[in-house]
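J.: Would you mind keeping the following structure in view while I ask a few things?
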2 protein chains.
Amino acid sequence: MIRLDTREAGFAAGFEALLDSARETTARVDAAVGEIIGAVKRDGDAALLDLTARFDGWQPADAGALRVTAAEIDAATAGIEPSLMAALDLAATRIERFHQAQRPRDLELPDPAGLTLGMRWNALDAVGLYVPGGKAAYPSSVLMNALPARVAGVGRIAMVVPTPGGQLNPLVLAAARRAGVTEVYRIGGAQAVAALAWGTASIAPVDRVVGPGNAYVAEAKRQVFGRVGIDSIAGPSEVVILADASNDPRHVATDLLAQAEHDESAQAILVTDDAGFAAAVAAAVEAELGTLSRGAIAGESWKRHGAVILVRDWTEAYRLTNRLAPEHLQLMLPDPRAALAEVRHAGAAFLGRYCPEAIGDYVAGPNHVLPTGRTARFASGLSIYDFLKRTTWVEATAAGLNAIGPAAVALAEAEGLQAHGRSVALRLG
Amino acid sequence: MIRLDTREAGFAAGFEALLDSARETTARVDAAVGEIIGAVKRDGDAALLDLTARFDGWQPADAGALRVTAAEIDAATAGIEPSLMAALDLAATRIERFHQAQRPRDLELPDPAGLTLGMRWNALDAVGLYVPGGKAAYPSSVLMNALPARVAGVGRIAMVVPTPGGQLNPLVLAAARRAGVTEVYRIGGAQAVAALAWGTASIAPVDRVVGPGNAYVAEAKRQVFGRVGIDSIAGPSEVVILADASNDPRHVATDLLAQAEHDESAQAILVTDDAGFAAAVAAAVEAELGTLSRGAIAGESWKRHGAVILVRDWTEAYRLTNRLAPEHLQLMLPDPRAALAEVRHAGAAFLGRYCPEAIGDYVAGPNHVLPTGRTARFASGLSIYDFLKRTTWVEATAAGLNAIGPAAVALAEAEGLQAHGRSVALRLG
């Protein structure tokens, strides 16, 4: 764990090092992924059958066997505890409600020159959702990726999930059904991304691919970008917690560890103005670590990337927060709304001492797919906007064109684009 | 020029071929660009001086000489015709007004469970704008890229423009000044993109890089993506015109040629329900071609990529338009608003016979940076949204957490994330 103090001489250098520290080395898999995508483009379903046998360790009988049937989903989800289904439904309902509130309005602007200008939002026709297989298959992630698409009005939501050994995760299927996923395929890896982007005889192509995955999936998304849209490639998760000494050190420690338990590359940072509180939290972290099933992972993250930053005052803390531009930000301060007003760069903020970040992972309503690694400076969390796009429009009458057309002709001629100018000039009266 | 008729047997295959036709082969410049970016990261301004001497054919005296001064802009713009300045100002004023209307509102949602959920929009701190040098330096493009950033509230807009032989384009500088560009540097190529993304001693880094450029610039944007945001990589321009026989064939022909004159890879497509009108437009295209200064370019584009599609009725035309998802769409039909309602996928639409696409390139108000190559299925034109990002927030009280916290605990435990569950459970009362 890194300790920094803004009053100490080495602070600036230490903070810059923290900002620049790489927490992940991505394997170079460009060439392997390029071959897989090429095979799926060329051989379609046959390539999917081959690659699934090779990478997922089971042999689908035919292309039809790649699709998970409604009966299979019924069977797999029948045994889920009712209380767990209720929790999933509460989460889904709240996520839907928040994303519904994001819906933007179409524009129609009458114009002083006599034209009318407008902008219309339309949903994408079809979206592909990648869901990692095995242990990393998180039902909450299915809700967070699929529901904004559903709320946006996307008609087709095709989910792909690798099933190593043929095993399906019941809660992931329940989440998919609750979120309105229209098709589920038991494929994964770069081949699944290629199938979604290019289509095969049995899988129709989509317009955008979203969802987390390993290095192969991330590289495949990079390579199909342009053919389809993609979401941003998420890095390791992170939290910054601004907390004063009035907080319970154990609460803050568990919040830090909730971040750290994701994986060894995760980063948890405490910013406080009280050295005694900082020490109490650090001690509580050590005490909790031994009691956690994922304590080894959380401990490694805390040791390698954790940080405690001692500040003179909260103004200084807000300035550092804007430099860090964290994915998650907890504001455990007496007036968290005033603090939020000072923060320009953060993916998601959690206000007050009763607002641990984990409620945002599951049930609060805002999306948990958020910009990582300081990209909150320019990027946003997943939202309804990721599944909508805009068409602007212009309506001109003869009088409207007469009013603004001559300026267009002048600029077109200055740019040497004669036909542009002429297409306007011919219509002037 | 390709002729298709929906009544003919080969139509489906011909239309698929039109959809799949690649209009551009991008040179592979990954390695060269990687070296240039590495040099700028390592050597900063010294690399910029070297690379500018090597690629732009002039030797800056020092890093200070890379910045264009206010006095230089005064001198360069002093000789511009007042009428041209007025045209530029009309364009800027209209673009500002349309983008101002796009401003989204912050959300604050009281919640049945007693929490408050919100979403805040903030502008990026700093944006870099790439402007190509020489003949391809279009002042309209400076307005279209810089004004949305300015309207969004971006504080720093740093423009880079290569000046082969040291020459500055006066109208480009005038546009930069009018659009609120805060800094102008006479650098270009991959080195300029690297300087914007990573910063040097004399150029502060930005958060997002936008603007058109050649293959080196496009590849450099790809390589710095993640460090900074980028805009989409534009392909060759295109227009689809839906026109009935009541239109003047010469108007439609000039509209097609305004697209074709951009470059040989541009694509202009007419869709009509009248064979005689189609022939008249094709004849008018041939007649106009000989009278255009860029006739050779436009002729090549029309010959290689132009198309005339004859349809049975307009419903069929709308369906084909949605498949083509064109960058620009002209609706020269009796009820263009009804037609627009049928189109889900297009970058920008132009309604009526007095609305040539060229007014959208310059003065209408909506942005002329638009999704090309069928990407309007999932992408949108440049807008204020490209320069804003969102922070979602959650505010919880003890009662609010008690209401939804248990569901979060259940889901966290189902996902095996114990510290997540504990961070919530510890606070339940």
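The chains in the structure tokens are called A, B, ... from first to last as shown; in each chain the residues are counted from 1, and the ligands are counted from 1 in the order shown.
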Write out as a ChimeraX atom specification all residues of stretch 20-139 of chain A that backbone DSSP assigns to strand (DSSP E or B).
T.: /A:67,107-110,116-123,126-130
J.: Take the residues from that selection and write them out as a CSV table (one decimal), in the first residue's frame, keeping N, CA, C and O atoms.
T.:
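result.csv written:
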chain,number,residue,atom,x,y,z
A,67,ARG,N,-27.5,-22.7,-30.0
A,67,ARG,CA,-28.5,-21.8,-29.4
A,67,ARG,C,-29.1,-22.5,-28.1
A,67,ARG,O,-29.5,-23.7,-28.2
A,107,LEU,N,-35.3,16.9,-31.2
A,107,LEU,CA,-35.4,18.3,-31.3
A,107,LEU,C,-36.1,18.7,-32.6
A,107,LEU,O,-36.0,18.0,-33.6
A,108,GLU,N,-36.8,19.8,-32.5
A,108,GLU,CA,-37.3,20.4,-33.8
A,108,GLU,C,-37.3,21.9,-33.5
A,108,GLU,O,-38.0,22.5,-32.7
A,109,LEU,N,-36.4,22.6,-34.3
A,109,LEU,CA,-36.1,24.0,-34.0
A,109,LEU,C,-36.6,24.9,-35.2
A,109,LEU,O,-36.0,24.8,-36.3
A,110,PRO,N,-37.6,25.7,-35.1
A,110,PRO,CA,-37.9,26.6,-36.1
A,110,PRO,C,-36.7,27.6,-36.1
A,110,PRO,O,-36.1,27.8,-35.1
A,116,THR,N,-36.3,24.7,-40.9
A,116,THR,CA,-36.5,24.0,-39.7
A,116,THR,C,-35.4,23.0,-39.5
A,116,THR,O,-35.0,22.3,-40.5
A,117,LEU,N,-34.8,22.9,-38.3
A,117,LEU,CA,-33.7,22.0,-38.0
A,117,LEU,C,-34.2,21.0,-37.0
A,117,LEU,O,-35.0,21.3,-36.1
A,118,GLY,N,-33.7,19.8,-37.1
A,118,GLY,CA,-34.2,18.8,-36.1
A,118,GLY,C,-33.1,17.7,-35.8
A,118,GLY,O,-32.1,17.6,-36.5
A,119,MET,N,-33.4,16.9,-34.8
A,119,MET,CA,-32.6,15.8,-34.5
A,119,MET,C,-33.5,14.7,-33.9
A,119,MET,O,-34.3,15.0,-33.0
A,120,ARG,N,-33.4,13.5,-34.5
A,120,ARG,CA,-34.2,12.4,-34.0
A,120,ARG,C,-33.3,11.3,-33.4
A,120,ARG,O,-32.2,11.0,-34.0
A,121,TRP,N,-33.7,10.7,-32.4
A,121,TRP,CA,-33.0,9.6,-31.8
A,121,TRP,C,-33.7,8.3,-32.2
A,121,TRP,O,-34.9,8.2,-32.1
A,122,ASN,N,-32.9,7.3,-32.6
A,122,ASN,CA,-33.5,6.0,-33.0
A,122,ASN,C,-32.6,4.9,-32.3
A,122,ASN,O,-31.4,5.1,-32.1
A,123,ALA,N,-33.3,3.9,-31.9
A,123,ALA,CA,-32.5,2.7,-31.3
A,123,ALA,C,-31.8,2.0,-32.4
A,123,ALA,O,-32.2,2.0,-33.6
A,126,ALA,N,-30.1,-4.1,-33.6
A,126,ALA,CA,-29.6,-5.4,-32.9
A,126,ALA,C,-28.3,-5.2,-32.2
A,126,ALA,O,-27.4,-4.5,-32.7
A,127,VAL,N,-28.2,-5.8,-31.0
A,127,VAL,CA,-27.1,-5.6,-30.2
A,127,VAL,C,-26.6,-7.0,-29.7
A,127,VAL,O,-27.4,-7.9,-29.5
A,128,GLY,N,-25.3,-7.2,-29.7
A,128,GLY,CA,-24.7,-8.5,-29.2
A,128,GLY,C,-24.1,-8.2,-27.8
A,128,GLY,O,-23.5,-7.2,-27.5
A,129,LEU,N,-24.4,-9.1,-26.9
A,129,LEU,CA,-23.9,-9.0,-25.5
A,129,LEU,C,-22.9,-10.2,-25.2
A,129,LEU,O,-23.4,-11.3,-25.2
A,130,TYR,N,-21.7,-9.8,-24.9
A,130,TYR,CA,-20.7,-10.9,-24.5
A,130,TYR,C,-20.8,-11.1,-23.0
A,130,TYR,O,-20.7,-10.1,-22.2
J.: Mind the document's chain letters and residue numbers, and return as a ChimeraX atom specification the residues of stretch 54-267 of chain B that DSSP labels alpha helix (DSSP H).
T.: /B:54-56,70-77,82-101,139-152,170-179,189-198,215-224,249-260
J.: For B:Leu242, work out the shell of residues within 9 Å, counting only C-alpha atoms and skipping chain neighbours fewer than 6 positions away, then give it as a ChimeraX atom specification.
T.: /B:269-273,314,317-318,321,329-333
J.: Which residues are close to B:Ala87, i.e. within 7 Å by only C-alpha atoms, leaving aside same-chain residues fewer than 5 positions away? Reply as a VMD selection string.
T.: chain A and resid 407 410 to 411
J.: Out of A:Phe55, A:Phe15, A:Tyr362, A:Tyr354, which residue has the shortest atom-to-atom distance to A:Pro139 when counting only C-alpha atoms?
T.: A:Tyr362
J.: Check the smallest atom-to-atom distance from each of B:Ala296, B:Ala179, B:Met144, B:Ala201 to B:Arg156 using only C-alpha atoms, then report the winner.
T.: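 Of B:Ala296, B:Ala179, B:Met144, B:Ala201, the one nearest B:Arg156 is B:Ala179, counting only C-alpha atoms.
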J.: Counting only C-alpha atoms, which residue out of A:Glu300, A:Glu183, A:Glu81, A:Glu16 sits closest to chain B?
T.: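 Comparing A:Glu300, A:Glu183, A:Glu81, A:Glu16 against chain B, the winner is A:Glu81.
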J.: Between A:Asn322, A:Thr372, A:Gln418, A:Gln102, which has the minimum distance to B:Ser293 (counting only C-alpha atoms)?
T.: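 For B:Ser293, the nearest of the candidates is A:Gln418.
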J.: Give me the residues within 10 Å of A:Ala278 as a list in words, counting only C-alpha atoms and dropping any in the same chain fewer than 3 places off.
T.: Arg3, Ala243, Asp244, Ala245, Pro249, Val252, Leu270, Val271, Thr272, Asp273, Asp274, Ala275, Val281, Ala282, Ala283, Ala284, Val308, Ile309 and Leu310 of chain A
J.: Those same residues, written as a CSV table (one decimal), in the first residue's frame with N, CA and C atoms?
T.:
chain,number,residue,atom,x,y,z
A,3,ARG,N,1.6,5.2,0.7
A,3,ARG,CA,1.2,6.2,1.6
A,3,ARG,C,1.7,7.5,1.1
A,243,ALA,N,-13.1,10.3,2.9
A,243,ALA,CA,-13.8,10.1,4.2
A,243,ALA,C,-13.1,10.9,5.3
A,244,ASP,N,-13.9,11.5,6.2
A,244,ASP,CA,-13.4,12.2,7.3
A,244,ASP,C,-13.4,11.3,8.5
A,245,ALA,N,-12.9,11.8,9.6
A,245,ALA,CA,-12.7,10.9,10.8
A,245,ALA,C,-14.0,10.6,11.5
A,249,PRO,N,-14.2,3.3,10.8
A,249,PRO,CA,-13.0,2.8,10.0
A,249,PRO,C,-13.3,1.4,9.3
A,252,VAL,N,-15.3,1.9,6.1
A,252,VAL,CA,-14.4,2.3,5.0
A,252,VAL,C,-13.5,1.2,4.5
A,270,LEU,N,-7.9,5.5,-0.4
A,270,LEU,CA,-8.5,6.4,0.6
A,270,LEU,C,-7.9,7.7,0.7
A,271,VAL,N,-8.7,8.8,0.7
A,271,VAL,CA,-8.2,10.1,0.8
A,271,VAL,C,-8.8,10.7,2.1
A,272,THR,N,-8.0,11.1,3.0
A,272,THR,CA,-8.6,11.6,4.3
A,272,THR,C,-7.7,12.8,4.8
A,273,ASP,N,-8.3,13.6,5.7
A,273,ASP,CA,-7.5,14.7,6.3
A,273,ASP,C,-7.1,14.4,7.7
A,274,ASP,N,-7.2,13.1,8.1
A,274,ASP,CA,-6.9,12.8,9.5
A,274,ASP,C,-5.9,11.6,9.6
A,275,ALA,N,-4.7,11.8,10.0
A,275,ALA,CA,-3.7,10.7,10.1
A,275,ALA,C,-4.1,9.5,10.9
A,281,VAL,N,-8.1,2.9,9.5
A,281,VAL,CA,-8.7,2.2,8.4
A,281,VAL,C,-7.7,1.2,7.9
A,282,ALA,N,-6.4,1.5,7.8
A,282,ALA,CA,-5.4,0.6,7.4
A,282,ALA,C,-5.4,-0.6,8.3
A,283,ALA,N,-5.5,-0.4,9.6
A,283,ALA,CA,-5.5,-1.5,10.5
A,283,ALA,C,-6.8,-2.4,10.3
A,284,ALA,N,-7.9,-1.7,10.1
A,284,ALA,CA,-9.1,-2.5,9.8
A,284,ALA,C,-9.1,-3.3,8.6
A,308,VAL,N,-3.2,5.3,0.5
A,308,VAL,CA,-3.8,6.2,1.5
A,308,VAL,C,-3.2,7.6,1.3
A,309,ILE,N,-4.0,8.6,1.0
A,309,ILE,CA,-3.5,9.9,0.7
A,309,ILE,C,-4.0,10.8,1.8
A,310,LEU,N,-3.0,11.5,2.5
A,310,LEU,CA,-3.4,12.4,3.6
A,310,LEU,C,-3.4,13.8,3.0
J.: Neighbouring residues of A:Gly381 were defined as those with any atom within 6 Å, considering only C-alpha atoms; residues of the same chain fewer than 3 positions away were excluded. Please report them as a ChimeraX atom specification.
T.: /A:369-371
J.: Would you pick out the contacts of B:Phe350 at 12 Å or less, using only C-alpha atoms, so that residues sharing its chain but fewer than 6 positions from it are not included, and give the list as a PDB file with C-alpha atoms, in the first residue's frame?
T.:
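Ended up saving to part.pdb:
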ATOM      1  CA  LEU A 115     -35.691  26.682 -42.195  1.00  0.00           C
ATOM      2  CA  THR A 116     -36.523  23.982 -39.691  1.00  0.00           C
ATOM      3  CA  LEU A 117     -33.736  22.014 -38.023  1.00  0.00           C
ATOM      4  CA  GLY A 118     -34.171  18.796 -36.124  1.00  0.00           C
ATOM      5  CA  MET A 119     -32.584  15.817 -34.492  1.00  0.00           C
ATOM      6  CA  THR A 391     -30.194  11.588 -37.297  1.00  0.00           C
ATOM      7  CA  THR A 392     -30.076  15.352 -37.738  1.00  0.00           C
ATOM      8  CA  TRP A 393     -32.326  16.916 -40.364  1.00  0.00           C
ATOM      9  CA  VAL A 394     -32.790  20.174 -42.207  1.00  0.00           C
ATOM     10  CA  GLU A 395     -35.965  21.296 -43.970  1.00  0.00           C
ATOM     11  CA  ALA A 396     -35.642  24.260 -46.305  1.00  0.00           C
ATOM     12  CA  THR A 397     -38.128  26.273 -48.292  1.00  0.00           C
TER      13      THR A 397
ATOM     14  CA  VAL B 239     -25.099  10.546 -50.347  1.00  0.00           C
ATOM     15  CA  VAL B 240     -28.352   8.744 -51.105  1.00  0.00           C
ATOM     16  CA  ILE B 241     -30.983  10.849 -52.898  1.00  0.00           C
ATOM     17  CA  LEU B 242     -34.616   9.752 -53.011  1.00  0.00           C
ATOM     18  CA  ALA B 243     -36.247  11.811 -55.768  1.00  0.00           C
ATOM     19  CA  ASP B 255     -26.305  17.168 -55.787  1.00  0.00           C
ATOM     20  CA  GLU B 327     -24.089   9.438 -44.211  1.00  0.00           C
ATOM     21  CA  HIS B 328     -26.243  11.962 -46.122  1.00  0.00           C
ATOM     22  CA  LEU B 329     -29.820  11.454 -47.279  1.00  0.00           C
ATOM     23  CA  GLN B 330     -31.810  13.836 -49.469  1.00  0.00           C
ATOM     24  CA  LEU B 331     -35.567  13.316 -49.459  1.00  0.00           C
ATOM     25  CA  MET B 332     -36.828  15.125 -52.563  1.00  0.00           C
ATOM     26  CA  LEU B 333     -40.357  13.781 -52.290  1.00  0.00           C
ATOM     27  CA  PRO B 336     -40.389  14.480 -46.947  1.00  0.00           C
ATOM     28  CA  ARG B 337     -41.380  14.458 -43.257  1.00  0.00           C
ATOM     29  CA  ALA B 339     -40.415   9.823 -45.581  1.00  0.00           C
ATOM     30  CA  LEU B 340     -38.096  10.777 -42.690  1.00  0.00           C
ATOM     31  CA  PRO B 356     -29.277  20.388 -51.210  1.00  0.00           C
ATOM     32  CA  GLU B 357     -26.873  18.559 -48.933  1.00  0.00           C
ATOM     33  CA  ALA B 358     -24.239  21.279 -49.473  1.00  0.00           C
ATOM     34  CA  ILE B 359     -26.098  23.703 -47.195  1.00  0.00           C
ATOM     35  CA  GLY B 360     -25.529  21.151 -44.449  1.00  0.00           C
ATOM     36  CA  ASP B 361     -21.813  21.171 -45.204  1.00  0.00           C
ATOM     37  CA  ALA B 364     -27.543  24.868 -41.992  1.00  0.00           C
ATOM     38  CA  PRO B 366     -26.258  20.524 -37.799  1.00  0.00           C
TER      39      PRO B 366
END
J.: I'd like to know which of B:Gly290, B:Gly57, B:Gly165, B:Gly14 is closest to chain A, using only C-alpha atoms.
T.: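 Of all the options, B:Gly290 lies closest to chain A.
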J.: Calculated over only C-alpha atoms, which of the candidates A:Asn145, A:Ser232, A:Thr182, A:Ser237 has the smallest distance to chain B?
T.: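 Closest residue, counting only C-alpha atoms: A:Ser232.
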J.: What is the atom CA of A:Gly44 to atom CA of A:Thr200 distance in Å?
T.: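 Those two atoms sit 4.7 Å apart.
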